[in-house]
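*Asks:* Here you go, this is final35.pdb (PDB, C-alpha atoms).
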ATOM      1  CA  MET A 154       0.000   0.000   0.000
ATOM      2  CA  ASP A 155       2.826   2.432   0.771
ATOM      3  CA  ASP A 156       4.382   1.763  -2.644
ATOM      4  CA  ALA A 157       1.063   2.367  -4.379
ATOM      5  CA  LEU A 158       0.439   5.594  -2.483
ATOM      6  CA  ALA A 159       3.941   6.879  -3.266
ATOM      7  CA  LEU A 160       3.417   6.244  -6.993
ATOM      8  CA  ILE A 161       0.118   8.113  -6.969
ATOM      9  CA  GLU A 162       1.521  11.119  -5.102
ATOM     10  CA  LYS A 163       4.382  11.365  -7.586
ATOM     11  CA  HIS A 164       1.883  12.057 -10.372
ATOM     12  CA  ARG A 165      -0.269  14.605  -8.605
ATOM     13  CA  GLU A 166       2.202  17.463  -9.012
ATOM     14  CA  ILE A 167       2.391  20.100 -11.739
ATOM     15  CA  PRO A 168       5.427  18.900 -13.708
ATOM     16  CA  ALA A 169       8.746  20.630 -14.176
ATOM     17  CA  PHE A 170      10.443  20.580 -17.574
ATOM     18  CA  VAL A 171      13.220  18.010 -17.900
ATOM     19  CA  PRO A 172      15.106  18.122 -21.234
ATOM     20  CA  GLN A 173      15.453  14.794 -23.022
ATOM     21  CA  GLY A 174      18.674  15.767 -24.773
ATOM     22  CA  GLU A 175      21.428  18.342 -25.110
ATOM     23  CA  PRO A 176      20.644  21.884 -26.352
ATOM     24  CA  PHE A 177      21.112  22.552 -30.070
ATOM     25  CA  ASP A 178      20.567  25.399 -32.534
ATOM     26  CA  ALA A 179      17.295  24.188 -33.987
ATOM     27  CA  ARG A 180      16.691  27.213 -36.206
ATOM     28  CA  ALA A 181      20.038  26.871 -37.956
ATOM     29  CA  CYS A 182      19.733  23.107 -38.277
ATOM     30  CA  MET A 183      16.187  23.189 -39.700
ATOM     31  CA  ALA A 184      16.615  26.196 -41.988
ATOM     32  CA  ASP A 185      16.392  24.125 -45.170
ATOM     33  CA  LYS A 186      14.410  21.136 -43.871
ATOM     34  CA  SER A 187      10.724  20.225 -43.945
ATOM     35  CA  VAL A 188       8.346  17.787 -42.262
ATOM     36  CA  PHE A 189       5.160  16.209 -43.628
ATOM     37  CA  SER A 190       2.900  14.767 -40.921
ATOM     38  CA  ILE A 191       0.229  12.135 -41.618
ATOM     39  CA  PRO A 192      -2.169  11.684 -38.663
ATOM     40  CA  VAL A 193      -4.226   8.541 -38.204
ATOM     41  CA  THR A 194      -7.294  10.752 -38.802
ATOM     42  CA  MET A 195      -8.240  14.373 -38.293
ATOM     43  CA  THR A 196     -11.764  13.411 -37.279
ATOM     44  CA  ILE A 197     -10.835  12.864 -33.609
ATOM     45  CA  PRO A 198     -10.009  15.762 -31.241
ATOM     46  CA  PHE A 199      -6.930  13.956 -29.874
ATOM     47  CA  ALA A 200      -5.208  13.904 -33.285
ATOM     48  CA  VAL A 201      -6.204  17.491 -34.036
ATOM     49  CA  ALA A 202      -4.794  18.754 -30.716
ATOM     50  CA  LEU A 203      -1.554  16.805 -31.178
ATOM     51  CA  GLU A 204      -1.062  18.144 -34.707
ATOM     52  CA  ASP A 205      -1.860  21.703 -33.597
ATOM     53  CA  ALA A 206       0.862  21.464 -30.951
ATOM     54  CA  MET A 207       3.421  20.095 -33.419
ATOM     55  CA  SER A 208       2.533  22.864 -35.868
ATOM     56  CA  ARG A 209       3.048  25.501 -33.147
ATOM     57  CA  ALA A 210       6.418  24.039 -32.244
ATOM     58  CA  ALA A 211       7.530  24.040 -35.880
ATOM     59  CA  ALA A 212       6.358  27.634 -36.258
ATOM     60  CA  ASP A 213       8.413  28.640 -33.205
ATOM     61  CA  VAL A 214      11.515  27.197 -34.843
ATOM     62  CA  GLY A 215      10.564  28.450 -38.287
ATOM     63  CA  PHE A 216      10.622  25.447 -40.611
ATOM     64  CA  ARG A 217       8.107  24.085 -43.098
ATOM     65  CA  TYR A 218       5.613  21.739 -41.413
ATOM     66  CA  THR A 219       2.577  20.371 -43.251
ATOM     67  CA  VAL A 220      -0.305  18.326 -41.847
ATOM     68  CA  TRP A 221      -2.022  15.947 -44.255
ATOM     69  CA  GLU A 222      -5.743  16.469 -43.588
ATOM     70  CA  THR A 223      -6.697  12.811 -43.768
ATOM     71  CA  GLN A 224     -10.020  11.362 -42.668
ATOM     72  CA  GLY A 225      -8.331   7.978 -42.295
ATOM     73  CA  GLY A 226      -8.110   5.073 -44.722
ATOM     74  CA  MET A 227      -5.355   3.356 -46.687
ATOM     75  CA  ASP A 228      -5.847   5.386 -49.873
ATOM     76  CA  SER A 229      -5.455   8.644 -47.965
ATOM     77  CA  TYR A 230      -2.304   7.454 -46.182
ATOM     78  CA  ILE A 231      -0.718   6.321 -49.446
ATOM     79  CA  GLN A 232      -1.613   9.632 -51.112
ATOM     80  CA  GLY A 233       0.039  11.438 -48.225
ATOM     81  CA  VAL A 234       3.321   9.571 -48.635
ATOM     82  CA  ASP A 235       3.220  10.214 -52.396
ATOM     83  CA  GLN A 236       2.631  13.908 -51.737
ATOM     84  CA  ALA A 237       5.592  14.106 -49.360
ATOM     85  CA  MET A 238       7.879  12.494 -51.934
ATOM     86  CA  SER A 239       6.682  14.545 -54.899
ATOM     87  CA  GLN A 240       7.024  17.835 -53.002
ATOM     88  CA  GLY A 241      10.507  17.117 -51.698
ATOM     89  CA  TYR A 242       9.935  16.891 -47.953
ATOM     90  CA  ASP A 243      12.751  15.622 -45.760
ATOM     91  CA  LEU A 244      10.722  13.693 -43.194
ATOM     92  CA  VAL A 245       7.379  11.886 -43.015
ATOM     93  CA  ASP A 246       5.875  11.537 -39.536
ATOM     94  CA  LEU A 247       3.020   9.138 -38.791
ATOM     95  CA  ALA A 248       1.119  10.663 -35.886
ATOM     96  CA  GLY A 249      -1.463   9.675 -33.315
ATOM     97  CA  GLY A 250      -1.442   5.911 -33.734
ATOM     98  CA  LEU A 251      -0.931   5.312 -37.467
ATOM     99  CA  ASN A 252       0.954   2.016 -37.691
ATOM    100  CA  PRO A 253       3.740   2.223 -40.327
ATOM    101  CA  VAL A 254       3.336  -1.460 -41.160
ATOM    102  CA  VAL A 255       0.003  -0.809 -42.910
ATOM    103  CA  ILE A 256       1.757   1.315 -45.556
ATOM    104  CA  GLY A 257       5.115  -0.435 -45.417
ATOM    105  CA  PRO A 258       5.802  -0.597 -49.192
ATOM    106  CA  GLN A 259       5.087   3.109 -49.648
ATOM    107  CA  LEU A 260       7.289   4.069 -46.696
ATOM    108  CA  MET A 261      10.073   1.869 -48.008
ATOM    109  CA  GLN A 262       9.830   3.705 -51.324
ATOM    110  CA  ALA A 263       9.990   7.020 -49.478
ATOM    111  CA  ARG A 264      13.101   5.946 -47.581
ATOM    112  CA  GLU A 265      14.740   4.877 -50.826
ATOM    113  CA  ALA A 266      13.963   8.367 -52.121
ATOM    114  CA  GLY A 267      15.869   9.821 -49.160
ATOM    115  CA  LEU A 268      13.053  10.677 -46.746
ATOM    116  CA  THR A 269      13.320  10.048 -43.013
ATOM    117  CA  ILE A 270      10.417   8.161 -41.374
ATOM    118  CA  THR A 271       9.273   8.809 -37.788
ATOM    119  CA  THR A 272       6.253   7.976 -35.657
ATOM    120  CA  THR A 273       4.581  10.031 -32.925
ATOM    121  CA  HIS A 274       2.482   8.653 -30.080
ATOM    122  CA  LEU A 275       2.290   5.071 -31.348
ATOM    123  CA  TYR A 276       4.713   2.762 -29.543
ATOM    124  CA  ASP A 277       4.984   2.037 -25.856
ATOM    125  CA  GLU A 278       8.449   2.764 -24.496
ATOM    126  CA  THR A 279       9.027  -1.009 -24.210
ATOM    127  CA  GLN A 280       8.184  -1.750 -27.858
ATOM    128  CA  LYS A 281      10.602  -2.004 -30.754
ATOM    129  CA  GLN A 282       9.836   0.206 -33.721
ATOM    130  CA  ALA A 283       9.314  -1.251 -37.207
ATOM    131  CA  ASP A 284      12.404  -1.644 -39.370
ATOM    132  CA  ILE A 285      11.129   0.975 -41.833
ATOM    133  CA  VAL A 286      11.049   3.628 -39.068
ATOM    134  CA  ASP A 287      14.092   5.788 -38.307
ATOM    135  CA  ALA A 288      12.946   7.225 -34.972
ATOM    136  CA  SER A 289       9.883   7.135 -32.722
ATOM    137  CA  ALA A 290       8.414   9.544 -30.189
ATOM    138  CA  LYS A 291       7.236   6.866 -27.752
ATOM    139  CA  VAL A 292       4.738   7.059 -24.885
ATOM    140  CA  PRO A 293       5.064   5.436 -21.423
ATOM    141  CA  PHE A 294       1.895   3.339 -21.665
ATOM    142  CA  SER A 295       3.450   0.736 -19.355
ATOM    143  CA  THR A 296       4.046   3.353 -16.678
ATOM    144  CA  VAL A 297       0.433   4.475 -17.037
ATOM    145  CA  GLY A 298      -0.597   0.857 -16.455
ATOM    146  CA  ASP A 299       1.379   0.786 -13.212
ATOM    147  CA  ILE A 300      -0.362   3.958 -12.021
ATOM    148  CA  LEU A 301      -3.840   2.678 -12.882
ATOM    149  CA  ALA A 302      -3.155  -0.570 -11.023
ATOM    150  CA  ALA A 303      -1.933   1.350  -7.971
ATOM    151  CA  TRP A 304      -5.020   3.547  -8.026
ATOM    152  CA  ALA A 305      -7.391   0.571  -8.211
ATOM    153  CA  PHE A 306      -5.514  -1.152  -5.384
ATOM    154  CA  ILE A 307      -5.793   1.917  -3.144
ATOM    155  CA  GLN A 308      -9.422   2.719  -3.962
ATOM    156  CA  THR A 309     -10.551  -0.833  -3.181
ATOM    157  CA  ASP A 310      -8.652  -0.936   0.132
ATOM    158  CA  GLY A 311      -6.225  -3.514  -1.208
ATOM    159  CA  ALA A 312      -8.851  -5.927  -2.548
ATOM    160  CA  PRO A 313      -9.369  -5.106  -6.240
ATOM    161  CA  ASN A 314     -11.717  -7.141  -8.417
ATOM    162  CA  VAL A 315     -10.996  -5.385 -11.679
ATOM    163  CA  LEU A 316     -12.467  -5.364 -15.157
ATOM    164  CA  ILE A 317      -9.864  -4.112 -17.667
ATOM    165  CA  ILE A 318     -11.124  -3.023 -21.104
ATOM    166  CA  GLY A 319      -8.724  -2.727 -24.034
ATOM    167  CA  SER A 320      -8.424  -3.027 -27.810
ATOM    168  CA  ASP A 321      -5.902  -5.584 -29.014
ATOM    169  CA  ASP A 322      -5.937  -4.066 -32.513
ATOM    170  CA  VAL A 323      -4.346  -0.860 -31.128
ATOM    171  CA  LEU A 324      -0.584  -1.380 -31.138
ATOM    172  CA  PRO A 325       0.386  -0.333 -27.562
ATOM    173  CA  THR A 326      -2.548  -2.162 -25.962
ATOM    174  CA  THR A 327      -0.629  -5.360 -25.221
ATOM    175  CA  PRO A 328       2.169  -3.839 -23.084
ATOM    176  CA  PHE A 329      -0.351  -1.405 -21.570
ATOM    177  CA  VAL A 330      -2.702  -4.156 -20.376
ATOM    178  CA  GLU A 331       0.142  -6.450 -19.343
ATOM    179  CA  SER A 332       1.569  -3.723 -17.092
ATOM    180  CA  ILE A 333      -1.814  -3.306 -15.350
ATOM    181  CA  GLN A 334      -2.177  -7.053 -14.900
ATOM    182  CA  ALA A 335       1.379  -7.538 -13.632
ATOM    183  CA  SER A 336       1.143  -4.633 -11.174
ATOM    184  CA  LEU A 337      -2.206  -5.804  -9.822
ATOM    185  CA  THR A 338      -0.772  -9.296  -9.340
ATOM    186  CA  GLU A 339       2.255  -7.879  -7.546
ATOM    187  CA  TYR A 340       0.068  -5.809  -5.226
ATOM    188  CA  CYS A 341      -2.428  -8.584  -4.603
ATOM    189  CA  PRO A 342      -1.608 -12.067  -6.025
ATOM    190  CA  ASP A 343      -4.972 -13.542  -5.011
ATOM    191  CA  CYS A 344      -7.176 -10.671  -6.183
ATOM    192  CA  ALA A 345      -9.447 -11.078  -9.206
ATOM    193  CA  GLN A 346      -9.049  -9.421 -12.588
ATOM    194  CA  GLN A 347     -10.497 -10.033 -16.037
ATOM    195  CA  TYR A 348      -9.912  -8.583 -19.482
ATOM    196  CA  LEU A 349     -12.468  -7.493 -22.085
ATOM    197  CA  ASN A 350     -11.060  -6.995 -25.595
ATOM    198  CA  VAL A 351     -13.153  -4.731 -27.840
ATOM    199  CA  PRO A 352     -11.775  -3.725 -31.275
ATOM    200  CA  LEU A 353     -11.541   0.026 -31.810
ATOM    201  CA  ALA A 354     -14.223   0.083 -34.522
ATOM    202  CA  GLU A 355     -16.683  -1.698 -32.203
ATOM    203  CA  TRP A 356     -16.448   0.454 -29.078
ATOM    204  CA  GLY A 357     -19.906   1.929 -29.658
ATOM    205  CA  THR A 358     -21.598  -1.446 -30.103
ATOM    206  CA  ARG A 359     -19.727  -3.861 -27.839
ATOM    207  CA  ILE A 360     -18.337  -2.089 -24.756
ATOM    208  CA  GLN A 361     -21.707  -1.481 -23.107
ATOM    209  CA  SER A 362     -22.941  -5.033 -23.669
ATOM    210  CA  GLY A 363     -19.565  -6.472 -22.662
ATOM    211  CA  VAL A 364     -19.556  -4.570 -19.369
ATOM    212  CA  GLN A 365     -23.142  -5.605 -18.641
ATOM    213  CA  SER A 366     -22.260  -9.259 -19.251
ATOM    214  CA  ALA A 367     -19.153  -9.003 -17.051
ATOM    215  CA  LEU A 368     -21.152  -7.484 -14.184
ATOM    216  CA  LEU A 369     -23.840 -10.140 -14.550
ATOM    217  CA  SER A 370     -21.337 -12.994 -14.413
ATOM    218  CA  ASN A 371     -19.194 -11.344 -11.722
ATOM    219  CA  PRO A 372     -21.249  -8.968  -9.546
ATOM    220  CA  ASP A 373     -18.263  -8.545  -7.216
ATOM    221  CA  ILE A 374     -16.387  -6.370  -9.736
ATOM    222  CA  ASN A 375     -15.418  -3.268  -7.757
ATOM    223  CA  PHE A 376     -13.309  -1.340 -10.266
ATOM    224  CA  ILE A 377     -13.276  -0.787 -14.045
ATOM    225  CA  ILE A 378     -10.256   0.340 -16.070
ATOM    226  CA  PRO A 379     -11.054   1.231 -19.706
ATOM    227  CA  ILE A 380      -7.474   1.867 -20.784
ATOM    228  CA  TYR A 381      -8.305   4.610 -23.318
ATOM    229  CA  ASP A 382     -10.544   7.174 -21.672
ATOM    230  CA  SER A 383     -12.932   7.688 -24.608
ATOM    231  CA  MET A 384     -14.159   4.159 -23.851
ATOM    232  CA  SER A 385     -15.711   5.529 -20.652
ATOM    233  CA  GLN A 386     -18.714   6.976 -22.469
ATOM    234  CA  PHE A 387     -19.816   3.411 -23.274
ATOM    235  CA  VAL A 388     -19.090   2.044 -19.792
ATOM    236  CA  THR A 389     -21.278   4.449 -17.825
ATOM    237  CA  PRO A 390     -24.573   3.458 -19.561
ATOM    238  CA  ALA A 391     -23.868  -0.183 -18.674
ATOM    239  CA  LEU A 392     -23.416   0.774 -15.023
ATOM    240  CA  ARG A 393     -26.684   2.716 -15.011
ATOM    241  CA  ILE A 394     -28.617  -0.170 -16.539
ATOM    242  CA  ALA A 395     -27.048  -2.649 -14.106
ATOM    243  CA  GLY A 396     -27.643  -0.325 -11.163
ATOM    244  CA  ALA A 397     -23.965  -0.727 -10.263
ATOM    245  CA  ASP A 398     -21.837   1.918  -8.558
ATOM    246  CA  VAL A 399     -18.381   0.891  -9.775
ATOM    247  CA  PRO A 400     -15.543   3.466 -10.016
ATOM    248  CA  ILE A 401     -13.806   4.097 -13.358
ATOM    249  CA  ALA A 402     -10.216   5.214 -13.950
ATOM    250  CA  SER A 403      -8.534   5.662 -17.318
ATOM    251  CA  PHE A 404      -5.855   7.408 -19.396
ATOM    252  CA  ASN A 405      -5.423  10.176 -21.987
ATOM    253  CA  GLY A 406      -7.043  13.353 -20.684
ATOM    254  CA  THR A 407      -9.698  13.734 -23.378
ATOM    255  CA  PRO A 408     -11.684  16.873 -22.466
ATOM    256  CA  PHE A 409     -15.155  15.335 -22.418
ATOM    257  CA  VAL A 410     -13.909  12.577 -20.094
ATOM    258  CA  LEU A 411     -12.295  15.137 -17.801
ATOM    259  CA  ASP A 412     -15.725  16.778 -17.681
ATOM    260  CA  MET A 413     -17.104  13.363 -16.640
ATOM    261  CA  VAL A 414     -14.632  13.444 -13.739
ATOM    262  CA  ARG A 415     -16.049  16.816 -12.724
ATOM    263  CA  GLU A 416     -19.580  15.403 -12.961
ATOM    264  CA  GLY A 417     -18.598  12.384 -10.859
ATOM    265  CA  THR A 418     -19.297   9.679 -13.462
ATOM    266  CA  VAL A 419     -15.573   8.906 -13.861
ATOM    267  CA  GLN A 420     -13.409   8.806 -10.747
ATOM    268  CA  MET A 421      -9.948   9.516 -12.176
ATOM    269  CA  VAL A 422      -8.129  10.154 -15.446
ATOM    270  CA  ILE A 423      -4.366  10.146 -15.972
ATOM    271  CA  GLY A 424      -3.813  13.029 -18.350
ATOM    272  CA  GLU A 425      -1.010  13.806 -20.758
ATOM    273  CA  SER A 426      -0.406  17.308 -22.065
ATOM    274  CA  LEU A 427      -0.768  17.131 -25.855
ATOM    275  CA  GLY A 428       0.799  20.574 -26.079
ATOM    276  CA  TRP A 429       3.885  19.170 -24.353
ATOM    277  CA  ALA A 430       3.707  15.981 -26.448
ATOM    278  CA  GLY A 431       3.615  17.974 -29.678
ATOM    279  CA  TYR A 432       6.724  19.964 -28.798
ATOM    280  CA  ALA A 433       8.495  16.789 -27.678
ATOM    281  CA  ALA A 434       7.585  15.056 -30.948
ATOM    282  CA  VAL A 435       9.036  17.897 -32.992
ATOM    283  CA  ASP A 436      12.165  17.698 -30.853
ATOM    284  CA  VAL A 437      12.525  14.041 -31.894
ATOM    285  CA  GLN A 438      11.978  14.879 -35.560
ATOM    286  CA  MET A 439      14.540  17.679 -35.539
ATOM    287  CA  ARG A 440      17.164  15.666 -33.699
ATOM    288  CA  GLN A 441      16.774  12.849 -36.216
ATOM    289  CA  LEU A 442      17.143  15.221 -39.180
ATOM    290  CA  CYS A 443      20.070  17.012 -37.541
ATOM    291  CA  GLY A 444      22.001  13.811 -36.840
ATOM    292  CA  LEU A 445      21.707  14.131 -33.059
ATOM    293  CA  PRO A 446      20.940  11.410 -30.482
ATOM    294  CA  VAL A 447      17.188  10.849 -30.257
ATOM    295  CA  PRO A 448      15.413  10.411 -26.878
ATOM    296  CA  ASP A 449      13.921   6.999 -26.110
ATOM    297  CA  ASP A 450      10.470   8.471 -25.457
ATOM    298  CA  LEU A 451       8.538  11.744 -25.448
ATOM    299  CA  GLY A 452       9.342  12.441 -21.806
ATOM    300  CA  ILE A 453       5.905  13.929 -21.255
ATOM    301  CA  PRO A 454       4.551  14.134 -17.695
ATOM    302  CA  LEU A 455       1.569  12.121 -16.506
ATOM    303  CA  VAL A 456      -0.820  13.980 -14.199
ATOM    304  CA  ILE A 457      -3.645  12.468 -12.151
ATOM    305  CA  PHE A 458      -6.949  14.348 -12.297
ATOM    306  CA  ASP A 459      -9.704  13.557  -9.815
ATOM    307  CA  GLU A 460     -12.199  15.544  -7.772
ATOM    308  CA  SER A 461      -9.393  17.277  -5.876
ATOM    309  CA  ASN A 462      -7.908  19.115  -8.879
ATOM    310  CA  ILE A 463     -10.303  18.712 -11.810
ATOM    311  CA  GLU A 464     -11.086  22.450 -11.891
ATOM    312  CA  THR A 465      -7.529  23.108 -13.086
ATOM    313  CA  VAL A 466      -8.311  21.628 -16.541
ATOM    314  CA  GLY A 467     -10.787  24.373 -17.426
ATOM    315  CA  VAL A 468     -14.585  24.537 -17.585
ATOM    316  CA  PRO A 469     -15.289  22.927 -19.951
ATOM    317  CA  ALA A 470     -12.049  20.964 -19.933
ATOM    318  CA  ASN A 471      -9.436  21.306 -22.667
ATOM    319  CA  PHE A 472      -6.301  19.451 -23.710
ATOM    320  CA  ASP A 473      -3.741  21.917 -22.318
ATOM    321  CA  ASP A 474      -4.861  23.287 -18.953
ATOM    322  CA  GLY A 475      -3.825  21.551 -15.759
ATOM    323  CA  TYR A 476      -0.225  20.768 -16.717
ATOM    324  CA  GLY A 477       1.396  24.177 -16.446
ATOM    325  CA  ASP A 478       3.367  25.692 -19.317
ATOM    326  CA  ALA A 479       6.954  24.927 -18.309
ATOM    327  CA  HIS A 480       7.489  23.023 -21.559
ATOM    328  CA  ILE A 481       7.158  26.118 -23.762
ATOM    329  CA  ALA A 482      10.040  28.033 -22.213
ATOM    330  CA  GLY A 483      11.887  24.758 -21.663
ATOM    331  CA  PHE A 484      11.886  23.755 -25.314
ATOM    332  CA  ARG A 485      12.683  27.282 -26.493
ATOM    333  CA  GLU A 486      15.777  27.236 -24.314
ATOM    334  CA  LEU A 487      16.635  23.686 -25.413
ATOM    335  CA  TRP A 488      16.406  24.772 -29.067
ATOM    336  CA  MET A 489      18.404  27.988 -28.448
ATOM    337  CA  LEU A 490      15.584  30.206 -29.695
ATOM    338  CA  ASP A 491      15.943  32.908 -27.008
TER     339      ASP A 491
END
Show this structure as structure tokens.
*Replies:*
Amino acid sequence: MDDALALIEKHREIPAFVPQGEPFDARACMADKSVFSIPVTMTIPFAVALEDAMSRAAADVGFRYTVWETQGGMDSYIQGVDQAMSQGYDLVDLAGGLNPVVIGPQLMQAREAGLTITTTHLYDETQKQADIVDASAKVPFSTVGDILAAWAFIQTDGAPNVLIIGSDDVLPTTPFVESIQASLTEYCPDCAQQYLNVPLAEWGTRIQSGVQSALLSNPDINFIIPIYDSMSQFVTPALRIAGADVPIASFNGTPFVLDMVREGTVQMVIGESLGWAGYAAVDVQMRQLCGLPVPDDLGIPLVIFDESNIETVGVPANFDDGYGDAHIAGFRELWMLD
């Protein structure tokens, strides 16, 4: 219990900026370079906020940065890579969960044409990137799993009976879920846990029914962890129908879910600053293009939001409030812009 409490307290603080590499003259290095970013889709607020942050960072440095306004789909991704090659970009970044393997032949062609390939917010820090990728801005999904397990352990007074909901078709899901399961087992070897796998495209049709079935077969469930917080909107109707008062904790910091924390329908969300993540991703891209050592992960802070501090995220909530703004001055100094 002491270990779990210490881990939680560590992630309640407004973060300080910690550089992930040595300072460098980004403006001079990037003067003649350009980046073409292909998001998984611009139909979801998460991807839009991440791309907006990367665009702001690139504008601060002063290099050409283009976002491919895709609505998702193989044809659109392939067209994006073709566009980057035909217009002479130096780097193609796949952002927000776009798996490079799905367009492997096109990316291989781009590399042969001299383009650098990076990914942003796709891999867990424990995962190996695809061979066609030069550098990756990774996310500590496994660490998030440890925090969620600690929270569930504390909130159930050391006796968690947990339903974990994930999507095996989303690349970082496996290490994410495994970290939750391993941490729960370490805290409480005899405590119950079960896993519900719902493919991303079926969240709206299968999460609610899956949760209802789980509660029916195991009415002793006392905590639910939908690993991606947008899943929560499909969990809460199942709880209402079942008449069950089961706490929910999750990860990402999506604004409408943070508002659910304020309303009391979600107990806790581990948030990540997408503004910070966008600047950190551009740092990775620039270091790769400039021939500098690339950080192992984004180095973004993870902040716990619950009833005690939810007002700090804005009313209504947004992607940037609640984390402070230390990263802006921090990256400007790191890039020698001031």
*Asks:* Taking (14.1, 12.8, -47.0) in the file's coordinates, which residues come within 8 Å, counting all atoms listed in the file, written as a PDB file with C-alpha atoms, in the coordinates of the input?
*Replies:*
ATOM      1  CA  MET A 238       7.879  12.494 -51.934  1.00  0.00           C
ATOM      2  CA  GLY A 241      10.507  17.117 -51.698  1.00  0.00           C
ATOM      3  CA  TYR A 242       9.935  16.891 -47.953  1.00  0.00           C
ATOM      4  CA  ASP A 243      12.751  15.622 -45.760  1.00  0.00           C
ATOM      5  CA  LEU A 244      10.722  13.693 -43.194  1.00  0.00           C
ATOM      6  CA  VAL A 245       7.379  11.886 -43.015  1.00  0.00           C
ATOM      7  CA  ALA A 263       9.990   7.020 -49.478  1.00  0.00           C
ATOM      8  CA  ARG A 264      13.101   5.946 -47.581  1.00  0.00           C
ATOM      9  CA  ALA A 266      13.963   8.367 -52.121  1.00  0.00           C
ATOM     10  CA  GLY A 267      15.869   9.821 -49.160  1.00  0.00           C
ATOM     11  CA  LEU A 268      13.053  10.677 -46.746  1.00  0.00           C
ATOM     12  CA  THR A 269      13.320  10.048 -43.013  1.00  0.00           C
TER      13      THR A 269
END
*Asks:* Residues near Leu324 in chain A, anyone? I mean within 12 Å using all atoms listed in the file, not counting same-chain ones fewer than 2 positions away, as number ranges by chain.
*Replies:* A: 249-255, 274-283, 291-292, 294, 319-322, 326-330, 352-353
*Asks:* Using all atoms listed in the file, which residues sit within 12 Å of Tyr340 in chain A once same-chain residues fewer than 6 positions away are excluded, as a list in words?
*Replies:*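 The contact residues come out as Met154, Asp155, Asp156, Ala157, Leu158, Asp299, Ile300, Ala302, Ala303, Trp304, Ala305, Phe306, Ile307, Thr309, Asp310, Gly311, Ala312, Pro313, Ile333 and Gln334 of chain A.
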*Asks:* Counting all atoms listed in the file, what are the residues of range 386-462 of chain A within 10 Å of range 188-201 of chain A, and for each of them which pair of atoms is the nearest and at what distance in Å, to one decimal? Sort the table by chain and rising number, as JSON lines.
*Replies:*
{"residue": "A:Asn405", "atom": "CA", "partner": "A:Phe199", "partner_atom": "CA", "distance": 8.9}
{"residue": "A:Gly406", "atom": "CA", "partner": "A:Phe199", "partner_atom": "CA", "distance": 9.2}
{"residue": "A:Thr407", "atom": "CA", "partner": "A:Phe199", "partner_atom": "CA", "distance": 7.1}
{"residue": "A:Pro408", "atom": "CA", "partner": "A:Pro198", "partner_atom": "CA", "distance": 9.0}
{"residue": "A:Leu427", "atom": "CA", "partner": "A:Phe199", "partner_atom": "CA", "distance": 8.0}
{"residue": "A:Val435", "atom": "CA", "partner": "A:Val188", "partner_atom": "CA", "distance": 9.3}
{"residue": "A:Gln438", "atom": "CA", "partner": "A:Val188", "partner_atom": "CA", "distance": 8.2}
{"residue": "A:Met439", "atom": "CA", "partner": "A:Val188", "partner_atom": "CA", "distance": 9.1}
{"residue": "A:Leu442", "atom": "CA", "partner": "A:Val188", "partner_atom": "CA", "distance": 9.7}
*Asks:* Just checking: using all atoms listed in the file, which residue out of A:Ala211, A:Ala479, A:Ala433, A:Ala202 ends up closest to Met183 in chain A?
*Replies:*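 Distance minimum relative to Met183 in chain A lands on A:Ala211.
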*Asks:* For the file shown, report as a list in words the outcome of the PyMOL selection byres ((chain A and resi 443) around 10) at residue level.
*Replies:*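 Selected by the PyMOL selection byres ((chain A and resi 443) around 10) in this file: Phe177, Asp178, Ala179, Ala181, Cys182, Met183, Lys186, Val437, Gln438, Met439, Arg440, Gln441, Leu442, Gly444, Leu445, Pro446 and Val447 of chain A.
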*Asks:* What would the selection look like, as a list in words, if the PyMOL selection byres ((chain A and resi 385) around 10) were run on the coordinates I just shared?
*Replies:*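 When the PyMOL selection byres ((chain A and resi 385) around 10) is applied to the shown file, the picked residues are Ile318, Trp356, Ile360, Gln361, Ile377, Ile378, Pro379, Ile380, Tyr381, Asp382, Ser383, Met384, Gln386, Phe387, Val388, Thr389, Pro390, Ile401, Ala402, Ser403, Phe409, Val410, Met413, Thr418 and Val419 of chain A.
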*Asks:* Deliver the residues from the most recent selection as a file, using C-alpha atoms, as an mmCIF file, keeping the file's coordinate frame.
*Replies:*
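For reference, result.cif as written:
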data_model
loop_
_atom_site.group_PDB
_atom_site.id
_atom_site.type_symbol
_atom_site.label_atom_id
_atom_site.label_comp_id
_atom_site.auth_asym_id
_atom_site.auth_seq_id
_atom_site.Cartn_x
_atom_site.Cartn_y
_atom_site.Cartn_z
ATOM 1 C CA ILE A 318 -11.124 -3.023 -21.104
ATOM 2 C CA TRP A 356 -16.448 0.454 -29.078
ATOM 3 C CA ILE A 360 -18.337 -2.089 -24.756
ATOM 4 C CA GLN A 361 -21.707 -1.481 -23.107
ATOM 5 C CA ILE A 377 -13.276 -0.787 -14.045
ATOM 6 C CA ILE A 378 -10.256 0.340 -16.070
ATOM 7 C CA PRO A 379 -11.054 1.231 -19.706
ATOM 8 C CA ILE A 380 -7.474 1.867 -20.784
ATOM 9 C CA TYR A 381 -8.305 4.610 -23.318
ATOM 10 C CA ASP A 382 -10.544 7.174 -21.672
ATOM 11 C CA SER A 383 -12.932 7.688 -24.608
ATOM 12 C CA MET A 384 -14.159 4.159 -23.851
ATOM 13 C CA GLN A 386 -18.714 6.976 -22.469
ATOM 14 C CA PHE A 387 -19.816 3.411 -23.274
ATOM 15 C CA VAL A 388 -19.090 2.044 -19.792
ATOM 16 C CA THR A 389 -21.278 4.449 -17.825
ATOM 17 C CA PRO A 390 -24.573 3.458 -19.561
ATOM 18 C CA ILE A 401 -13.806 4.097 -13.358
ATOM 19 C CA ALA A 402 -10.216 5.214 -13.950
ATOM 20 C CA SER A 403 -8.534 5.662 -17.318
ATOM 21 C CA PHE A 409 -15.155 15.335 -22.418
ATOM 22 C CA VAL A 410 -13.909 12.577 -20.094
ATOM 23 C CA MET A 413 -17.104 13.363 -16.640
ATOM 24 C CA THR A 418 -19.297 9.679 -13.462
ATOM 25 C CA VAL A 419 -15.573 8.906 -13.861
#
